[in-house]
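This report concerns only the one structure given below.
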Amino acid sequence: NHNHNHNHNHNHNIPDNNGFQGPPPTPAWHLVSDPDDSFERTYLAPSQRPSYTHLRDLGRNGHVNKGNGIKHFFNPLCRHYRFNETMLPTVSVIMTTQNEPDEWISISVESILARTPPELLQEVIIVDDNGIPGQHDLPANIRRNVDESEFETLKALSPKVKVIKHSNREGCARSRLSGAKVATGQVLMFVDSHIEMLSSTWYHHLAIPILENPHTIAMQTIDVIDDLGSKDYSSGVGPLQYGIINTEFWFSYQADRFGDYMNPLYPDMFGEDELEERKKMKYQAERPGAREPYETPFGPGSLFAIRADEFWRLGGYDEGWFG
C-alpha cells in the first residue's frame with residue numbers, strides 16, 4: 001500500500017511526441033559499419049585519470065578476465081550503435097550501501113563517473129544506511145565494517161558525488177527513496193554498491209527505450225562478479241532471461257516463455273475434452289533477442305532506470321517496506 005505523497009519541484013520534462021504533430025521524430029540512435037571502443041573508452045580528462053585508483057582496464061591485457069577483457073562476452077553489434085546524446089535525458093544514479101567491504105563502493109562509483117557522459121550524468125547519490133552508533137539504540141560497533149575515508153575520497157573525486165547519511169538503518173526501500181527525493185536528474189538509475197559499469201554506452205542503451213516509451217522501466221542483464229579476492233568475471237556474462245514470479249511466489253528467472261503456454265497450472269479446473277484440445281496446441285517458445293531490448297514481466301528491484309516523473313506517478317518504493 002503506497003501512502004507516499006511527494007511534491008517534486010524539479011522539472012523532469014523529457015520531450016515526447018504523443019501529440020503526433022509534425023514529422024515523425026528522428027531516432028536518437030543509428031547503426032554504423034565500424035565498431036566503437038566503448039569498452040576501452042572513458043570520459044575522463046588525462047589529468048583526472050590518476051585520481052581514479054579503482055577504475056579497471058576492461059580491455060585486452062587489462063585487469064579483468066585474466067587479461068582477456070570482457071568485450072567478447074557481449075553481442076558485437078552493440079558496439080556499432082551511435083547515439084545523439086543531445087536527445088538523451090539526464091540521469092541521477094542512486095546507490096544504497098550497508099556493510100560494503102573491499103572498496104566495492106569505490107569500484108562502483110568510479111566506473112559510473114568514468115563511463116557516463118558528463119553532460120548526461122546529473123549526480124551520483126550514495127545513501128549510507130549503516131546507521132550512527134548510539135542513535136536509535138544502535139550498538140557502538142555498528143559501523144565496524146565501514147571504511148569512513150571511502151566516502152570522503154569519493155566526494156573529493158567529483159562534485160557530482162553526494163552522500164546521504166542515515167542515523168538509523170532504514171533498509172533498501174527507504175534508502176532508495178531517500179536518494180530519489182533529492183535527485184534532480186530526468187531519469188533515476190537505482191544500483192547496488194557492488195557493481196561495475198562495463199561500457200561507456202551503458203546508460204545510452206537504457207535511455208533509448210525510456211525515450212521511446214516514457215512508461216518503460218529499463219534494466220541491464222546482470223553479470224556475475226567474484227566478490228572475493230579477484231573481483232573477476234571468469235564465469236562470464238549473465239544469460240538473457242525473463243524475470244518471473246514462480247508458483248512459490250519467489251522471484252526467479254527462466255530462459256524462454258510461451259512454449260508450455262497451454263499446459264495449465266491447475267488441470268482440475270478443465271474438463272477432459274478441453275485438456276485434450278490444449279495438448280494439441282503447440283506454441284513456439286520465445287527467447288530474448290541478443291540485440292533489441294525485450295520485455296520481461298518482472299525484474300530486480302535494485303537495478304533499473306526509470307523516468308523520475310514516472311517513478312513518482314507509480315508511487316515510488318513502499319515506505320513501510322524494510323527489506
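By order of appearance in the C-alpha cells: chains A, B, ..., then residues from 1 within every chain, and ligands from 1 in the order shown.
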Inset, instruction - For range 78-93 of chain A, work out the shell of residues within 7 Å, counting only C-alpha atoms and skipping chain neighbours fewer than 5 positions away, then give it as number ranges by chain. - result: A: 14, 28-36, 38, 120-125, 183-190, 207, 291
Inset, instruction - Enumerate, as a VMD selection string, the complete set of residues in range 158-277 of chain A that a backbone-based DSSP assignment places in helix (DSSP H, G or I). - result: chain A and resid 171 to 182 202 to 212 267 to 269 272 to 277
Keeping only N, CA, C and O atoms, write the selected residues to a file as a CSV table (one decimal), in the first residue's frame.
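again-v6.csv written:
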chain,number,residue,atom,x,y,z
A,171,GLY,N,16.9,0.3,5.7
A,171,GLY,CA,16.6,-0.8,4.7
A,171,GLY,C,16.7,-0.3,3.3
A,171,GLY,O,16.7,0.9,3.0
A,172,CYS,N,16.6,-1.2,2.4
A,172,CYS,CA,16.8,-0.9,0.9
A,172,CYS,C,15.7,0.1,0.4
A,172,CYS,O,16.1,1.0,-0.3
A,173,ALA,N,14.5,-0.2,0.7
A,173,ALA,CA,13.4,0.6,0.1
A,173,ALA,C,13.4,2.0,0.5
A,173,ALA,O,13.4,2.9,-0.3
A,174,ARG,N,13.5,2.3,1.8
A,174,ARG,CA,13.5,3.6,2.3
A,174,ARG,C,14.8,4.3,1.9
A,174,ARG,O,14.8,5.6,1.7
A,175,SER,N,15.9,3.6,1.8
A,175,SER,CA,17.2,4.2,1.4
A,175,SER,C,17.1,4.7,0.0
A,175,SER,O,17.6,5.8,-0.3
A,176,ARG,N,16.5,3.9,-0.9
A,176,ARG,CA,16.4,4.3,-2.3
A,176,ARG,C,15.5,5.5,-2.4
A,176,ARG,O,15.7,6.4,-3.2
A,177,LEU,N,14.4,5.5,-1.5
A,177,LEU,CA,13.6,6.7,-1.5
A,177,LEU,C,14.3,8.0,-1.1
A,177,LEU,O,14.1,9.1,-1.6
A,178,SER,N,15.2,7.8,-0.1
A,178,SER,CA,16.0,9.0,0.3
A,178,SER,C,16.8,9.6,-0.8
A,178,SER,O,16.8,10.8,-1.0
A,179,GLY,N,17.4,8.7,-1.6
A,179,GLY,CA,18.1,9.2,-2.8
A,179,GLY,C,17.2,9.8,-3.8
A,179,GLY,O,17.5,10.9,-4.4
A,180,ALA,N,16.1,9.2,-4.1
A,180,ALA,CA,15.1,9.6,-5.1
A,180,ALA,C,14.5,11.0,-4.8
A,180,ALA,O,14.3,11.8,-5.7
A,181,LYS,N,14.3,11.3,-3.5
A,181,LYS,CA,13.7,12.5,-3.1
A,181,LYS,C,14.6,13.7,-3.4
A,181,LYS,O,14.1,14.8,-3.5
A,182,VAL,N,15.9,13.5,-3.4
A,182,VAL,CA,16.8,14.7,-3.6
A,182,VAL,C,17.4,14.7,-5.0
A,182,VAL,O,18.0,15.6,-5.4
A,202,TRP,N,26.8,2.3,-21.5
A,202,TRP,CA,25.9,1.6,-20.7
A,202,TRP,C,24.5,2.4,-20.5
A,202,TRP,O,23.4,1.8,-20.6
A,203,TYR,N,24.7,3.7,-20.2
A,203,TYR,CA,23.5,4.5,-20.0
A,203,TYR,C,22.7,4.7,-21.3
A,203,TYR,O,21.4,4.7,-21.3
A,204,HIS,N,23.4,4.9,-22.4
A,204,HIS,CA,22.7,5.2,-23.7
A,204,HIS,C,21.7,4.0,-24.0
A,204,HIS,O,20.5,4.3,-24.4
A,205,HIS,N,22.1,2.8,-23.8
A,205,HIS,CA,21.3,1.7,-24.1
A,205,HIS,C,20.0,1.6,-23.2
A,205,HIS,O,19.0,1.0,-23.6
A,206,LEU,N,20.1,2.1,-22.0
A,206,LEU,CA,19.0,2.1,-21.1
A,206,LEU,C,18.1,3.3,-21.4
A,206,LEU,O,16.9,3.2,-21.2
A,207,ALA,N,18.7,4.4,-21.8
A,207,ALA,CA,17.9,5.6,-22.0
A,207,ALA,C,17.0,5.5,-23.3
A,207,ALA,O,15.9,6.1,-23.3
A,208,ILE,N,17.5,4.8,-24.3
A,208,ILE,CA,16.8,4.8,-25.6
A,208,ILE,C,15.3,4.2,-25.4
A,208,ILE,O,14.4,4.9,-25.8
A,209,PRO,N,15.1,3.1,-24.8
A,209,PRO,CA,13.8,2.6,-24.6
A,209,PRO,C,12.9,3.5,-23.8
A,209,PRO,O,11.7,3.6,-23.9
A,210,ILE,N,13.5,4.2,-22.8
A,210,ILE,CA,12.8,5.1,-22.0
A,210,ILE,C,12.4,6.3,-22.8
A,210,ILE,O,11.2,6.8,-22.7
A,211,LEU,N,13.2,6.8,-23.7
A,211,LEU,CA,12.9,7.9,-24.6
A,211,LEU,C,11.8,7.5,-25.5
A,211,LEU,O,10.9,8.3,-25.8
A,212,GLU,N,11.8,6.3,-26.0
A,212,GLU,CA,10.8,5.8,-26.9
A,212,GLU,C,9.4,5.6,-26.3
A,212,GLU,O,8.4,5.7,-26.9
A,267,PRO,N,-4.8,-28.4,-13.7
A,267,PRO,CA,-5.6,-29.1,-14.7
A,267,PRO,C,-7.0,-29.5,-14.2
A,267,PRO,O,-7.9,-29.6,-15.1
A,268,ASP,N,-7.2,-29.6,-12.9
A,268,ASP,CA,-8.6,-29.9,-12.4
A,268,ASP,C,-9.6,-28.9,-12.7
A,268,ASP,O,-10.8,-29.1,-12.5
A,269,MET,N,-9.2,-27.7,-13.2
A,269,MET,CA,-10.1,-26.6,-13.5
A,269,MET,C,-10.8,-26.8,-14.9
A,269,MET,O,-11.6,-26.1,-15.3
A,272,GLU,N,-12.0,-32.9,-19.4
A,272,GLU,CA,-11.1,-33.8,-20.2
A,272,GLU,C,-11.0,-33.4,-21.7
A,272,GLU,O,-10.0,-33.4,-22.2
A,273,ASP,N,-12.2,-33.0,-22.3
A,273,ASP,CA,-12.1,-32.7,-23.7
A,273,ASP,C,-11.2,-31.4,-23.9
A,273,ASP,O,-10.5,-31.4,-24.8
A,274,GLU,N,-11.4,-30.5,-23.0
A,274,GLU,CA,-10.6,-29.2,-23.2
A,274,GLU,C,-9.1,-29.5,-22.9
A,274,GLU,O,-8.2,-29.0,-23.6
A,275,LEU,N,-8.8,-30.4,-22.0
A,275,LEU,CA,-7.4,-30.7,-21.7
A,275,LEU,C,-6.8,-31.4,-23.0
A,275,LEU,O,-5.6,-31.2,-23.3
A,276,GLU,N,-7.6,-32.3,-23.6
A,276,GLU,CA,-7.1,-33.0,-24.8
A,276,GLU,C,-6.9,-32.0,-25.9
A,276,GLU,O,-5.9,-32.0,-26.7
A,277,GLU,N,-7.8,-31.0,-26.0
A,277,GLU,CA,-7.6,-30.0,-27.1
A,277,GLU,C,-6.4,-29.1,-26.8
A,277,GLU,O,-5.7,-28.8,-27.7
Legend entry - Spatial neighbours of Asn68 in chain A, 12 Å, only C-alpha atoms, chain gap at least 4 places, as a PyMOL selection string: chain A and resi 57-64+72-73+232-234+236
For the selection just defined, write its residues with all heavy atoms to a file, as a short mmCIF file (atom, residue, chain, number, x, y, z; two decimals), in the first residue's frame.
data_model
loop_
_atom_site.label_atom_id
_atom_site.label_comp_id
_atom_site.auth_asym_id
_atom_site.auth_seq_id
_atom_site.Cartn_x
_atom_site.Cartn_y
_atom_site.Cartn_z
N ASP A 57 40.89 -1.40 -16.11
CA ASP A 57 41.03 -1.52 -17.56
C ASP A 57 40.32 -2.80 -17.98
O ASP A 57 40.71 -3.90 -17.60
CB ASP A 57 42.52 -1.57 -17.93
CG ASP A 57 42.75 -1.65 -19.43
OD1 ASP A 57 41.79 -1.91 -20.18
OD2 ASP A 57 43.90 -1.48 -19.86
N LEU A 58 39.26 -2.66 -18.80
CA LEU A 58 38.44 -3.80 -19.18
C LEU A 58 38.83 -4.40 -20.51
O LEU A 58 38.22 -5.37 -20.96
CB LEU A 58 36.97 -3.36 -19.24
CG LEU A 58 36.40 -2.72 -17.98
CD1 LEU A 58 34.97 -2.26 -18.21
CD2 LEU A 58 36.48 -3.68 -16.80
N GLY A 59 39.86 -3.84 -21.15
CA GLY A 59 40.28 -4.33 -22.45
C GLY A 59 41.29 -5.46 -22.36
O GLY A 59 41.64 -5.94 -21.27
N ARG A 60 41.77 -5.90 -23.52
CA ARG A 60 42.78 -6.95 -23.56
C ARG A 60 44.04 -6.46 -22.85
O ARG A 60 44.43 -5.30 -22.97
CB ARG A 60 43.07 -7.32 -25.01
CG ARG A 60 44.05 -8.46 -25.18
CD ARG A 60 44.05 -9.01 -26.59
NE ARG A 60 42.81 -9.73 -26.89
CZ ARG A 60 42.60 -11.00 -26.54
NH1 ARG A 60 43.51 -11.67 -25.87
NH2 ARG A 60 41.47 -11.59 -26.85
N ASN A 61 44.66 -7.37 -22.12
CA ASN A 61 45.84 -7.07 -21.29
C ASN A 61 45.50 -6.15 -20.12
O ASN A 61 46.41 -5.56 -19.52
CB ASN A 61 46.97 -6.46 -22.13
CG ASN A 61 47.43 -7.38 -23.23
OD1 ASN A 61 47.55 -8.59 -23.04
ND2 ASN A 61 47.66 -6.82 -24.42
N GLY A 62 44.20 -6.03 -19.81
CA GLY A 62 43.78 -5.19 -18.70
C GLY A 62 43.64 -5.97 -17.41
O GLY A 62 44.33 -6.98 -17.18
N HIS A 63 42.72 -5.52 -16.55
CA HIS A 63 42.63 -6.02 -15.18
C HIS A 63 41.67 -7.19 -14.99
O HIS A 63 41.67 -7.80 -13.92
CB HIS A 63 42.18 -4.88 -14.25
CG HIS A 63 43.14 -3.74 -14.19
ND1 HIS A 63 42.76 -2.44 -14.37
CD2 HIS A 63 44.48 -3.71 -13.97
CE1 HIS A 63 43.82 -1.64 -14.26
NE2 HIS A 63 44.87 -2.39 -14.02
N VAL A 64 40.83 -7.49 -15.97
CA VAL A 64 39.78 -8.48 -15.73
C VAL A 64 39.87 -9.65 -16.70
O VAL A 64 40.49 -9.57 -17.76
CB VAL A 64 38.37 -7.83 -15.83
CG1 VAL A 64 38.21 -6.74 -14.78
CG2 VAL A 64 38.11 -7.29 -17.22
N HIS A 72 34.18 -9.73 -25.52
CA HIS A 72 33.69 -10.92 -26.21
C HIS A 72 32.51 -11.56 -25.49
O HIS A 72 31.87 -12.47 -26.01
CB HIS A 72 34.82 -11.94 -26.38
CG HIS A 72 35.40 -12.42 -25.09
ND1 HIS A 72 36.27 -11.65 -24.35
CD2 HIS A 72 35.21 -13.57 -24.38
CE1 HIS A 72 36.61 -12.31 -23.26
NE2 HIS A 72 35.98 -13.48 -23.25
N PHE A 73 32.20 -11.09 -24.27
CA PHE A 73 31.01 -11.58 -23.57
C PHE A 73 29.73 -11.02 -24.21
O PHE A 73 28.65 -11.54 -23.98
CB PHE A 73 31.02 -11.16 -22.10
CG PHE A 73 32.03 -11.88 -21.26
CD1 PHE A 73 32.46 -11.33 -20.06
CD2 PHE A 73 32.56 -13.09 -21.64
CE1 PHE A 73 33.38 -11.97 -19.26
CE2 PHE A 73 33.48 -13.75 -20.85
CZ PHE A 73 33.90 -13.19 -19.67
N ASP A 232 36.71 -10.77 -10.36
CA ASP A 232 36.82 -11.02 -11.79
C ASP A 232 35.51 -11.55 -12.37
O ASP A 232 34.58 -11.89 -11.65
CB ASP A 232 37.97 -11.99 -12.08
CG ASP A 232 38.62 -11.72 -13.43
OD1 ASP A 232 38.01 -11.03 -14.26
OD2 ASP A 232 39.75 -12.19 -13.65
N TYR A 233 35.48 -11.65 -13.69
CA TYR A 233 34.30 -12.08 -14.43
C TYR A 233 34.53 -13.44 -15.07
O TYR A 233 34.03 -13.72 -16.15
CB TYR A 233 33.97 -11.08 -15.53
CG TYR A 233 33.51 -9.74 -15.03
CD1 TYR A 233 34.42 -8.74 -14.73
CD2 TYR A 233 32.16 -9.47 -14.85
CE1 TYR A 233 34.01 -7.50 -14.27
CE2 TYR A 233 31.73 -8.24 -14.38
CZ TYR A 233 32.65 -7.25 -14.10
OH TYR A 233 32.23 -6.04 -13.65
N SER A 234 35.26 -14.30 -14.40
CA SER A 234 35.65 -15.57 -15.03
C SER A 234 34.45 -16.43 -15.39
O SER A 234 34.53 -17.26 -16.31
CB SER A 234 36.57 -16.34 -14.09
OG SER A 234 35.98 -16.52 -12.82
N GLY A 236 31.78 -15.35 -16.70
CA GLY A 236 31.20 -14.83 -17.92
C GLY A 236 29.99 -13.95 -17.72
O GLY A 236 29.60 -13.61 -16.60
#
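Shortest atom-to-atom contact with Tyr253 in chain A among A:Pro23, A:Gly229, A:Gly299, A:Pro46: A:Gly299, counting only C-alpha atoms.
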Legend entry - Exercise: Glu110 in chain A partners within 8 Å, only C-alpha atoms, chain neighbours under 4 positions left out, as a list of chain:residue names: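 Contacts, in chain order: A:Tyr52, A:His54, A:Leu55, A:Ser106, A:Ala114.
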Got time to write the residues from that selection, N, CA and C atoms, as a PDB file, in the first residue's frame?
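Result file follows (part-v4.pdb):
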ATOM      1  N   TYR A  52      41.599   8.190 -10.222  1.00  0.00           N
ATOM      2  CA  TYR A  52      40.655   7.074 -10.260  1.00  0.00           C
ATOM      3  C   TYR A  52      41.416   5.766 -10.040  1.00  0.00           C
ATOM      4  N   HIS A  54      40.579   3.067  -8.566  1.00  0.00           N
ATOM      5  CA  HIS A  54      39.818   1.824  -8.592  1.00  0.00           C
ATOM      6  C   HIS A  54      39.153   1.580  -9.950  1.00  0.00           C
ATOM      7  N   LEU A  55      39.495   2.402 -10.935  1.00  0.00           N
ATOM      8  CA  LEU A  55      38.930   2.237 -12.265  1.00  0.00           C
ATOM      9  C   LEU A  55      39.737   1.191 -13.022  1.00  0.00           C
ATOM     10  N   SER A 106      33.918   2.219  -4.110  1.00  0.00           N
ATOM     11  CA  SER A 106      34.802   2.984  -4.985  1.00  0.00           C
ATOM     12  C   SER A 106      34.819   2.422  -6.400  1.00  0.00           C
ATOM     13  N   ALA A 114      33.358   7.539 -14.679  1.00  0.00           N
ATOM     14  CA  ALA A 114      34.260   7.479 -15.825  1.00  0.00           C
ATOM     15  C   ALA A 114      33.556   7.078 -17.107  1.00  0.00           C
TER      16      ALA A 114
END
Legend entry - Distance criterion (only C-alpha atoms): nearest to Thr201 in chain A out of A:Gln284, A:Thr116, A:Ser111, A:Ser230: A:Thr116
Inset, instruction - Run DSSP on the backbone and give me the residues of range 42-225 of chain A it puts in strand (DSSP E or B), as a PyMOL selection string. - result: chain A and resi 81-83+91-97+121-128+161-165+187-191+217-218
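Here CA of Arg257 in chain A is placed at a distance of 10.0 Å from CA of Ile244 in chain A.
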